Amino acid sequence: MSRFPVENIRNFSIVAHVDHGKSTLADRLLELTGTIDKTKNNKQVLDKLQVERERGITVKAQTASLFHNCEGKQYLLNLIDTPGHVDFSYEVSRSLSACQGVLLVVDANEGIQAQTVANFFLAFEAQLSVIPVINKIDLKNADPERVENQIEKVFDIPSDECIKISAKLGTNVESVLQAVIERIPPPKVHRKNPLRALVFDSTFDQYRGVIANVALFDGVVSKGDKIVSAHTQKTYEVSEVGVLNPNEQPTHKLYAGQVGYLIAGMKNVTEAQIGDTLYLHKQPVEPLPGFKSAKPMVFAGMYPVDQSEYNNLKSAIEKLTLNDSSVTVHRDSSLALGAGWRLGFLGLLHMEVFNQRLEQEYNASVILTTPTVPYKAVLSSSKLIKARRAVQKNMIFIDQNRVMLKYLFPLNEIVVDFYDSLKSLSSGYASFDYEDAGYQTAELVKMDILLNGNTVEELVTVVHKDKAHSIGKAICERLKDSLPRQLFEIAIQAAIGSKIIARETLPIFKNIFQYGGDITRKMKLLKRQAEGKKKLRKIGNVEVPKDAFIKVLKTQSSK
Ligand SMILES: Nc1nc2c(ncn2[C@@H]2O[C@H](COP(=O)(O)OP(=O)(O)OP(=O)(O)O)[C@@H](O)[C@H]2O)c(=O)[nH]1
């Protein structure tokens with residue numbers, strides 16, 4: 001790695017609105033620099049997680065070091081591919097701390113969208129060089145000139161700085177590499193100073209412990225060095241350092257300005273905090289500023305399906321939050337579901353992806369309760385809190401056909417169904433981004449769901465007064481569909497205080513075996529029932545399968 005002096009290093013990120021082609025451009029850059037072989041199978045190579053491949057979206061920033069020859073000089077280009085969806089923007093802001101520039105990819109047909117604007121300002125505030133890349137020029141409806149004008153108008157970047165490419169076909173992608181070398185400055189670092197390394201991401205490997213992704217701001221780190229964590233003050237011996245190419249490749253040393261990974265026998269997830277500074281033993285340095293903590297927007301309870309799995313699930317959540325530090329975790333307990341946690345997510349998609357990753361990567365089986373948003377309630381005996389509608393804050397015309405509107409919304413309105421409604425109303429044209437605007441007063445009620453008169457703790461929600469009836473009705477209907485019939489009738493009710501606002505009735509179960517039938521089929525059914533019982537929770541005398549909660553949760557998010 002010593003072959004790469006600081007002036008031959010470029011650290012950059014690819015940012016864009018969702019689906020504008022970041023991962024496809026990353027594939028072409030990996031191919032062009034010979035990092036991976038050129039085959040037809042290279043599709044989103046940096047999207048390594050199963051959930052990313054299944055959903056076709058990036059949820060996790062990925063680093064790759066590319067070695068590139070240009071005009072007789074060997075360059076080391078560290079590329080970080082980032083997610084586009086608003087729920088994962090925390091990944092983007094952390095990745096930028098390791099970069100001096102960004103490729104801002106904009107779809108030549110769709111033009112500037114909400115996340116394009118949000119990502120531009122993240123890069124702008126971090127004082128990074130921004131290279132606009134207009135992608136998908138091969139599309140029939142592509143209008144790169146219109147997009148160039150938008151970029152000039154909204155971001156004040158001269159249109160001749162835009163690079164027009166087709167990442168899919170590989171058209172003009174060399175110009176992107178050229179621009180990275182010419183327009184992004186090398187990192188400002190000092191190799192002669194003592195080591196100062198920023199941990200900007202980490203993952204947990206069950207055999208090797210914590211693998212920390214580091215950006216070196218000063219000094220050098222070598223295999224065998226003794227290092228100290230500024231956060232915990234614990235000392236470790238470095239057992240491996242290397243670059244991601246895009247898979248781990250040990251290098252023995254990393255120098256200031258370089259980005260790579262480091263393994264130092266950190267076994268416990270609390271030992272490897274994202275944002276921590278690592279330095280050499282007996283050579284303490286001023287720690288780097290680290291990161292602002294992420295602000296969760298959606299909260300949900302998480303419980304093991306089987307309480308005996310509590311410790312396994314605890315360790316799985318800890319390991320996964322190491323890789324996704326934007327999730328907040330607090331211990332919680334529920335009468336029906338036992339000990340668990342209250343987790344905070346950045347949005348509904350983030351919640352779903354976290355749940356899916358727990359299941360796929362850690363084989364965990366969990367129950368998620370209805371997502372809720374935090375409220376501050378002023379309890380008063382006579383008056384409820386006053387409601388507030390969305391308030392328009394401003395309106396900016398991006399070009400003749402596009403307008404950017406800013407509104408103040410109750411958070412609950414947007415996490416539940418706003419995004420889907422906006423998409424269908426605008427035939428997919430409108431895009432959406434949001435940020436926390438603090439607490440407002442609102443007319444809210446606490447709604448209970450009852451099964452034969454007993455409250456189902458995990459379905460208690462706070463809803464707007466005007467929506468209580470429709471949400472209560474929908475939950476009762478879905479519970480009726482997902483609960484198995486039992487040996488008695490079940491009244492499913494939604495209530496505000498003592499007032500019942502919706503009701504469904506689940507009729508009595510009739511045993512099919514009364515009417516005869518084949519014995520092997522009967523045994524099979526009994527076995528399946530016995531297995532199913534393990535996944536049941538009792539609320540009063542009613543047996544509720546864990547799945548029922550998840551189904552109800554889905555009703556609420558689609559209402
Ligand atoms: N026609 C055309 N399609 C492209 C081009 N680049 C990407 N695509 C397609 O656009 C879709 C999205 O591409 P991705 O590379 O996954 O986009 P992304 O920005 O990484 O998406 P997220 O990570 O989910 O935000 C895929 O179906 C690509 O095949 C291009 O230059 N031309």
# chains A, B, ... in the order shown; residues from 1 in each chain; ligands from 1

$ select_by_dssp --residues "region 346-493 of chain A" --states "helix (DSSP H, G or I)" --output "NGL selection string"
:A and (348-362 or 411-425 or 457-459 or 465-482)

$ residues_near_ligand --ligand "ligand 1" --cutoff "9 Å" --atoms "only C-alpha atoms and all ligand atoms" --output "VMD selection string"
chain A and resid 14 to 27 43 to 44 47 52 55 to 60 81 to 85 105 to 108 134 to 140 165 to 171

$ write_last_selection --atoms "N, CA and C atoms" --output "short mmCIF file (atom, residue, chain, number, x, y, z; two decimals), in the first residue's frame"
data_model
loop_
_atom_site.label_atom_id
_atom_site.label_comp_id
_atom_site.auth_asym_id
_atom_site.auth_seq_id
_atom_site.Cartn_x
_atom_site.Cartn_y
_atom_site.Cartn_z
N ILE A 14 -20.81 7.20 -4.21
CA ILE A 14 -21.82 7.38 -5.26
C ILE A 14 -23.13 7.59 -4.55
N VAL A 15 -23.78 8.73 -4.78
CA VAL A 15 -25.07 8.99 -4.13
C VAL A 15 -26.11 9.30 -5.20
N ALA A 16 -27.37 9.03 -4.89
CA ALA A 16 -28.45 9.30 -5.86
C ALA A 16 -29.79 9.02 -5.23
N HIS A 17 -30.83 9.40 -5.94
CA HIS A 17 -32.18 9.00 -5.57
C HIS A 17 -32.30 7.50 -5.85
N VAL A 18 -33.26 6.86 -5.19
CA VAL A 18 -33.42 5.41 -5.33
C VAL A 18 -33.63 5.02 -6.81
N ASP A 19 -32.90 3.97 -7.23
CA ASP A 19 -33.01 3.40 -8.58
C ASP A 19 -32.43 4.25 -9.71
N HIS A 20 -31.70 5.29 -9.40
CA HIS A 20 -31.12 6.10 -10.48
C HIS A 20 -29.86 5.48 -11.06
N GLY A 21 -29.38 4.37 -10.42
CA GLY A 21 -28.32 3.59 -11.07
C GLY A 21 -26.96 3.61 -10.39
N LYS A 22 -26.92 3.87 -9.09
CA LYS A 22 -25.64 3.88 -8.36
C LYS A 22 -24.93 2.55 -8.45
N SER A 23 -25.66 1.48 -8.09
CA SER A 23 -25.00 0.17 -8.02
C SER A 23 -24.56 -0.29 -9.40
N THR A 24 -25.32 0.06 -10.43
CA THR A 24 -24.95 -0.32 -11.80
C THR A 24 -23.68 0.43 -12.21
N LEU A 25 -23.59 1.71 -11.85
CA LEU A 25 -22.38 2.47 -12.16
C LEU A 25 -21.19 1.88 -11.40
N ALA A 26 -21.43 1.48 -10.13
CA ALA A 26 -20.34 0.87 -9.35
C ALA A 26 -19.84 -0.39 -10.06
N ASP A 27 -20.75 -1.22 -10.58
CA ASP A 27 -20.35 -2.43 -11.33
C ASP A 27 -19.41 -2.07 -12.47
N LYS A 43 -24.24 -7.89 -11.74
CA LYS A 43 -25.40 -7.02 -11.48
C LYS A 43 -25.38 -6.65 -10.02
N GLN A 44 -25.20 -5.38 -9.74
CA GLN A 44 -25.15 -4.87 -8.36
C GLN A 44 -24.23 -5.73 -7.49
N ASP A 47 -24.03 -5.07 -3.82
CA ASP A 47 -25.19 -5.38 -2.97
C ASP A 47 -25.04 -6.83 -2.53
N GLU A 52 -30.81 -7.32 0.01
CA GLU A 52 -30.57 -6.37 -1.08
C GLU A 52 -30.84 -7.03 -2.43
N ARG A 55 -34.69 -7.65 -2.83
CA ARG A 55 -35.50 -6.45 -3.03
C ARG A 55 -34.97 -5.56 -4.14
N GLY A 56 -33.74 -5.84 -4.60
CA GLY A 56 -33.16 -5.03 -5.68
C GLY A 56 -32.83 -3.61 -5.23
N ILE A 57 -32.60 -3.43 -3.92
CA ILE A 57 -32.23 -2.10 -3.44
C ILE A 57 -30.99 -2.22 -2.56
N THR A 58 -30.25 -1.12 -2.46
CA THR A 58 -29.10 -1.11 -1.55
C THR A 58 -29.59 -0.64 -0.20
N VAL A 59 -29.22 -1.36 0.87
CA VAL A 59 -29.60 -0.88 2.20
C VAL A 59 -28.37 -0.57 3.02
N LYS A 60 -27.20 -1.01 2.53
CA LYS A 60 -25.98 -0.92 3.31
C LYS A 60 -24.89 -0.33 2.42
N ASP A 81 -20.39 2.75 -2.28
CA ASP A 81 -21.73 2.75 -2.89
C ASP A 81 -22.73 2.88 -1.74
N THR A 82 -23.69 3.80 -1.88
CA THR A 82 -24.60 4.06 -0.76
C THR A 82 -26.05 3.77 -1.14
N PRO A 83 -26.94 3.59 -0.16
CA PRO A 83 -28.35 3.36 -0.48
C PRO A 83 -29.04 4.63 -0.93
N GLY A 84 -30.14 4.49 -1.67
CA GLY A 84 -30.86 5.66 -2.18
C GLY A 84 -32.13 5.97 -1.41
N HIS A 85 -32.71 4.97 -0.76
CA HIS A 85 -33.99 5.21 -0.10
C HIS A 85 -33.82 6.08 1.13
N VAL A 105 -25.50 10.86 -8.97
CA VAL A 105 -26.10 10.25 -10.16
C VAL A 105 -27.57 10.68 -10.28
N VAL A 106 -27.94 11.15 -11.49
CA VAL A 106 -29.33 11.58 -11.73
C VAL A 106 -29.85 10.87 -12.98
N ASP A 107 -31.03 10.29 -12.87
CA ASP A 107 -31.65 9.57 -13.98
C ASP A 107 -32.03 10.58 -15.10
N ALA A 108 -31.63 10.30 -16.34
CA ALA A 108 -31.83 11.24 -17.45
C ALA A 108 -33.29 11.40 -17.82
N ILE A 134 -25.20 12.25 -15.25
CA ILE A 134 -26.55 11.99 -15.77
C ILE A 134 -26.55 10.60 -16.39
N ASN A 135 -27.33 9.71 -15.79
CA ASN A 135 -27.29 8.29 -16.17
C ASN A 135 -28.53 7.92 -17.00
N LYS A 136 -28.46 6.77 -17.61
CA LYS A 136 -29.55 6.18 -18.41
C LYS A 136 -29.84 7.00 -19.67
N ILE A 137 -28.78 7.54 -20.30
CA ILE A 137 -29.01 8.32 -21.52
C ILE A 137 -29.48 7.42 -22.66
N ASP A 138 -29.39 6.09 -22.46
CA ASP A 138 -29.85 5.16 -23.50
C ASP A 138 -31.37 5.04 -23.53
N LEU A 139 -32.04 5.50 -22.48
CA LEU A 139 -33.51 5.34 -22.43
C LEU A 139 -34.18 6.17 -23.53
N LYS A 140 -35.31 5.65 -24.04
CA LYS A 140 -36.00 6.33 -25.13
C LYS A 140 -36.44 7.74 -24.71
N ILE A 165 -23.89 9.56 -19.14
CA ILE A 165 -23.48 8.16 -19.32
C ILE A 165 -24.68 7.22 -19.42
N SER A 166 -24.38 6.00 -19.82
CA SER A 166 -25.32 4.90 -19.61
C SER A 166 -24.54 3.85 -18.83
N ALA A 167 -24.86 3.74 -17.54
CA ALA A 167 -24.15 2.76 -16.70
C ALA A 167 -24.46 1.35 -17.18
N LYS A 168 -25.67 1.17 -17.69
CA LYS A 168 -26.09 -0.16 -18.13
C LYS A 168 -25.23 -0.63 -19.31
N LEU A 169 -25.07 0.27 -20.30
CA LEU A 169 -24.31 -0.12 -21.49
C LEU A 169 -22.82 0.19 -21.37
N GLY A 170 -22.45 0.94 -20.35
CA GLY A 170 -21.03 1.29 -20.16
C GLY A 170 -20.61 2.52 -20.95
N THR A 171 -21.59 3.22 -21.57
CA THR A 171 -21.24 4.38 -22.40
C THR A 171 -20.64 5.50 -21.56
#

$ select_by_dssp --residues "region 258-462 of chain A" --states "strand (DSSP E)" --output "PyMOL selection string"
chain A and resi 259-263+277-280+298-304+328-334+338-345+366-368+391-397+403-408+444-451+454-455+461-462

$ closest_residue --among "A:Ala502, A:Ile131, A:Ile367, A:Val214" --to "Gln307 (chain A)" --atoms "only C-alpha atoms"
A:Ile367

$ closest_residue --among "A:Glu54, A:Glu31, A:Asp306, A:Glu125" --to "Ser365 (chain A)" --atoms "only C-alpha atoms"
A:Asp306

$ atom_distance --atom1 "CA of Ile227 (chain A)" --atom2 "CA of Ala215 (chain A)"
14.7 Å

$ residues_around --residues "Pro371 (chain A)" --least-positions-apart "5" --cutoff "8 Å" --atoms "only C-alpha atoms" --output "ChimeraX atom specification"
/A:298-301,553

$ residues_around --residues "Val243 (chain A)" --least-positions-apart "2" --cutoff "7 Å" --atoms "only C-alpha atoms" --output "ChimeraX atom specification"
/A:65,245,248-251,259-261

$ write_last_selection --atoms "N, CA and C atoms" --output "PDB file, in the first residue's frame"
ATOM      1  N   SER A  65     -11.996  -0.867  -2.950  1.00  0.00           N
ATOM      2  CA  SER A  65     -10.785  -0.148  -3.354  1.00  0.00           C
ATOM      3  C   SER A  65     -10.448  -0.547  -4.784  1.00  0.00           C
ATOM      4  N   ASN A 245     -11.804  -5.328  -1.844  1.00  0.00           N
ATOM      5  CA  ASN A 245     -11.414  -5.249  -3.256  1.00  0.00           C
ATOM      6  C   ASN A 245     -12.312  -6.074  -4.178  1.00  0.00           C
ATOM      7  N   GLU A 248     -12.489  -8.865   1.223  1.00  0.00           N
ATOM      8  CA  GLU A 248     -11.352  -8.509   2.075  1.00  0.00           C
ATOM      9  C   GLU A 248     -10.044  -9.044   1.509  1.00  0.00           C
ATOM     10  N   GLN A 249      -9.048  -8.156   1.433  1.00  0.00           N
ATOM     11  CA  GLN A 249      -7.736  -8.563   0.935  1.00  0.00           C
ATOM     12  C   GLN A 249      -6.678  -8.015   1.901  1.00  0.00           C
ATOM     13  N   PRO A 250      -6.033  -8.896   2.706  1.00  0.00           N
ATOM     14  CA  PRO A 250      -5.077  -8.398   3.696  1.00  0.00           C
ATOM     15  C   PRO A 250      -3.904  -7.684   3.029  1.00  0.00           C
ATOM     16  N   THR A 251      -3.413  -6.606   3.669  1.00  0.00           N
ATOM     17  CA  THR A 251      -2.304  -5.844   3.073  1.00  0.00           C
ATOM     18  C   THR A 251      -1.156  -5.604   4.053  1.00  0.00           C
ATOM     19  N   VAL A 259      -8.533   3.803   2.916  1.00  0.00           N
ATOM     20  CA  VAL A 259      -9.751   3.293   3.551  1.00  0.00           C
ATOM     21  C   VAL A 259      -9.671   1.775   3.498  1.00  0.00           C
ATOM     22  N   GLY A 260      -9.946   1.096   4.587  1.00  0.00           N
ATOM     23  CA  GLY A 260      -9.868  -0.364   4.555  1.00  0.00           C
ATOM     24  C   GLY A 260     -10.547  -0.969   5.760  1.00  0.00           C
ATOM     25  N   TYR A 261     -10.111  -2.179   6.120  1.00  0.00           N
ATOM     26  CA  TYR A 261     -10.712  -2.825   7.291  1.00  0.00           C
ATOM     27  C   TYR A 261      -9.612  -3.236   8.257  1.00  0.00           C
TER      28      TYR A 261
END

$ closest_residue --among "A:Glu148, A:Glu361, A:Glu174, A:Asp448" --to "Thr203 (chain A)" --atoms "only C-alpha atoms"
A:Glu361

$ residues_around --residues "Lys253 (chain A)" --least-positions-apart "6" --cutoff "12 Å" --atoms "only C-alpha atoms" --output "list in words"
Met1, Ser2, Arg3, Phe4, Leu195, Leu216, Gly219, Val220, Val221, Ser222, Lys223, Gly224, Asp225, Val238, Ser239, Glu240, Val241, Gly242, Val243, Val259, Gly260, Tyr261 and Leu262 of chain A

$ write_last_selection --atoms "N, CA and C atoms" --output "PDB file, in the first residue's frame"
ATOM      1  N   MET A   1       0.815  -1.202   0.000  1.00  0.00           N
ATOM      2  CA  MET A   1       0.000   0.000   0.000  1.00  0.00           C
ATOM      3  C   MET A   1       0.857   1.265   0.000  1.00  0.00           C
ATOM      4  N   SER A   2       2.150   1.102   0.318  1.00  0.00           N
ATOM      5  CA  SER A   2       3.020   2.281   0.355  1.00  0.00           C
ATOM      6  C   SER A   2       3.244   2.853  -1.051  1.00  0.00           C
ATOM      7  N   ARG A   3       2.869   2.065  -2.093  1.00  0.00           N
ATOM      8  CA  ARG A   3       3.010   2.543  -3.475  1.00  0.00           C
ATOM      9  C   ARG A   3       2.096   3.721  -3.772  1.00  0.00           C
ATOM     10  N   PHE A   4       1.133   3.947  -2.886  1.00  0.00           N
ATOM     11  CA  PHE A   4       0.154   4.993  -3.189  1.00  0.00           C
ATOM     12  C   PHE A   4       0.361   6.206  -2.296  1.00  0.00           C
ATOM     13  N   LEU A 195      -0.942   7.583  14.525  1.00  0.00           N
ATOM     14  CA  LEU A 195      -2.171   7.022  13.917  1.00  0.00           C
ATOM     15  C   LEU A 195      -3.447   7.665  14.472  1.00  0.00           C
ATOM     16  N   LEU A 216      -8.213   6.203   7.501  1.00  0.00           N
ATOM     17  CA  LEU A 216      -7.046   6.700   8.241  1.00  0.00           C
ATOM     18  C   LEU A 216      -6.845   8.191   7.980  1.00  0.00           C
ATOM     19  N   GLY A 219      -1.135   8.979  10.138  1.00  0.00           N
ATOM     20  CA  GLY A 219      -0.281   7.864  10.516  1.00  0.00           C
ATOM     21  C   GLY A 219      -0.440   6.601   9.686  1.00  0.00           C
ATOM     22  N   VAL A 220       0.021   5.501  10.284  1.00  0.00           N
ATOM     23  CA  VAL A 220       0.048   4.198   9.613  1.00  0.00           C
ATOM     24  C   VAL A 220      -0.403   3.155  10.623  1.00  0.00           C
ATOM     25  N   VAL A 221      -1.084   2.117  10.176  1.00  0.00           N
ATOM     26  CA  VAL A 221      -1.386   1.004  11.077  1.00  0.00           C
ATOM     27  C   VAL A 221      -0.916  -0.291  10.420  1.00  0.00           C
ATOM     28  N   SER A 222      -0.267  -1.149  11.223  1.00  0.00           N
ATOM     29  CA  SER A 222       0.282  -2.395  10.675  1.00  0.00           C
ATOM     30  C   SER A 222      -0.235  -3.569  11.478  1.00  0.00           C
ATOM     31  N   LYS A 223      -0.185  -4.726  10.846  1.00  0.00           N
ATOM     32  CA  LYS A 223      -0.511  -5.965  11.544  1.00  0.00           C
ATOM     33  C   LYS A 223       0.452  -6.083  12.735  1.00  0.00           C
ATOM     34  N   GLY A 224      -0.066  -6.439  13.913  1.00  0.00           N
ATOM     35  CA  GLY A 224       0.796  -6.583  15.093  1.00  0.00           C
ATOM     36  C   GLY A 224       0.848  -5.336  15.971  1.00  0.00           C
ATOM     37  N   ASP A 225       0.385  -4.170  15.442  1.00  0.00           N
ATOM     38  CA  ASP A 225       0.377  -2.935  16.250  1.00  0.00           C
ATOM     39  C   ASP A 225      -0.558  -3.075  17.441  1.00  0.00           C
ATOM     40  N   VAL A 238      -3.601  -5.622  16.624  1.00  0.00           N
ATOM     41  CA  VAL A 238      -4.169  -5.738  15.275  1.00  0.00           C
ATOM     42  C   VAL A 238      -3.754  -7.086  14.681  1.00  0.00           C
ATOM     43  N   SER A 239      -4.748  -7.923  14.350  1.00  0.00           N
ATOM     44  CA  SER A 239      -4.390  -9.237  13.790  1.00  0.00           C
ATOM     45  C   SER A 239      -4.465  -9.224  12.267  1.00  0.00           C
ATOM     46  N   GLU A 240      -5.179  -8.268  11.702  1.00  0.00           N
ATOM     47  CA  GLU A 240      -5.282  -8.202  10.233  1.00  0.00           C
ATOM     48  C   GLU A 240      -5.691  -6.793   9.815  1.00  0.00           C
ATOM     49  N   VAL A 241      -5.049  -6.277   8.768  1.00  0.00           N
ATOM     50  CA  VAL A 241      -5.526  -5.045   8.129  1.00  0.00           C
ATOM     51  C   VAL A 241      -5.575  -5.322   6.635  1.00  0.00           C
ATOM     52  N   GLY A 242      -6.409  -4.566   5.935  1.00  0.00           N
ATOM     53  CA  GLY A 242      -6.461  -4.795   4.500  1.00  0.00           C
ATOM     54  C   GLY A 242      -7.432  -3.860   3.817  1.00  0.00           C
ATOM     55  N   VAL A 243      -7.611  -4.113   2.505  1.00  0.00           N
ATOM     56  CA  VAL A 243      -8.550  -3.311   1.733  1.00  0.00           C
ATOM     57  C   VAL A 243      -9.696  -4.208   1.265  1.00  0.00           C
ATOM     58  N   VAL A 259      -8.533   3.803   2.916  1.00  0.00           N
ATOM     59  CA  VAL A 259      -9.751   3.293   3.551  1.00  0.00           C
ATOM     60  C   VAL A 259      -9.671   1.775   3.498  1.00  0.00           C
ATOM     61  N   GLY A 260      -9.946   1.096   4.587  1.00  0.00           N
ATOM     62  CA  GLY A 260      -9.868  -0.364   4.555  1.00  0.00           C
ATOM     63  C   GLY A 260     -10.547  -0.969   5.760  1.00  0.00           C
ATOM     64  N   TYR A 261     -10.111  -2.179   6.120  1.00  0.00           N
ATOM     65  CA  TYR A 261     -10.712  -2.825   7.291  1.00  0.00           C
ATOM     66  C   TYR A 261      -9.612  -3.236   8.257  1.00  0.00           C
ATOM     67  N   LEU A 262     -10.038  -3.504   9.480  1.00  0.00           N
ATOM     68  CA  LEU A 262      -9.067  -3.828  10.528  1.00  0.00           C
ATOM     69  C   LEU A 262      -9.729  -4.816  11.492  1.00  0.00           C
TER      70      LEU A 262
END

$ closest_residue --among "A:Pro484, A:Thr372, A:Ser129, A:Ala494" --to "Phe509 (chain A)" --atoms "only C-alpha atoms"
A:Pro484

$ closest_atom_pairs --of "region 429-463 of chain A" --to "region 331-347 of chain A" --cutoff "8 Å" --atoms "only C-alpha atoms" --output "CSV"
residue,atom,partner,partner_atom,distance
A:Val456,CA,A:Ala336,CA,7.7
A:Glu457,CA,A:Ser334,CA,6.8
A:Glu458,CA,A:Ser334,CA,7.2

$ write_last_selection --atoms "C-alpha atoms" --output "mmCIF file, in the first residue's frame"
data_model
loop_
_atom_site.group_PDB
_atom_site.id
_atom_site.type_symbol
_atom_site.label_atom_id
_atom_site.label_comp_id
_atom_site.auth_asym_id
_atom_site.auth_seq_id
_atom_site.Cartn_x
_atom_site.Cartn_y
_atom_site.Cartn_z
ATOM 1 C CA VAL A 456 -54.122 -7.211 23.746
ATOM 2 C CA GLU A 457 -51.164 -5.196 25.034
ATOM 3 C CA GLU A 458 -49.153 -5.249 21.835
#

$ closest_residue --among "A:Asp436, A:Asp466, A:Glu443, A:Asp87" --to "Phe354 (chain A)" --atoms "only C-alpha atoms"
A:Asp87

$ atom_distance --atom1 "CA of Ile263 (chain A)" --atom2 "CA of Lys319 (chain A)"
15.5 Å

$ atom_distance --atom1 "CA of Leu77 (chain A)" --atom2 "CA of Phe200 (chain A)"
17.4 Å

$ closest_residue --among "A:Gln150, A:Gln400, A:Asn311, A:Ser482" --to "Ala364 (chain A)" --atoms "only C-alpha atoms"
A:Asn311

$ residues_around --residues "Gln206 (chain A)" --least-positions-apart "2" --cutoff "12 Å" --atoms "only C-alpha atoms" --output "list in words"
Thr203, Phe204, Arg208, Gly209, Val210, Ile211, Gly265, Met266, Lys267, Asn268, Val269, Ser315, Ala316, Lys319, Leu320, Glu361 and Tyr362 of chain A

$ closest_atom_pairs --of "region 429-475 of chain A" --to "region 118-124 of chain A" --cutoff "12 Å" --atoms "only C-alpha atoms" --output "Markdown table"
| residue | atom | partner | partner_atom | distance |
| --- | --- | --- | --- | --- |
| A:Ser431 | CA | A:Ala118 | CA | 11.7 |
| A:Phe432 | CA | A:Ala118 | CA | 10.2 |
| A:Asp433 | CA | A:Ala118 | CA | 7.8 |
| A:Tyr434 | CA | A:Ala118 | CA | 9.4 |
| A:Glu435 | CA | A:Ala118 | CA | 10.2 |
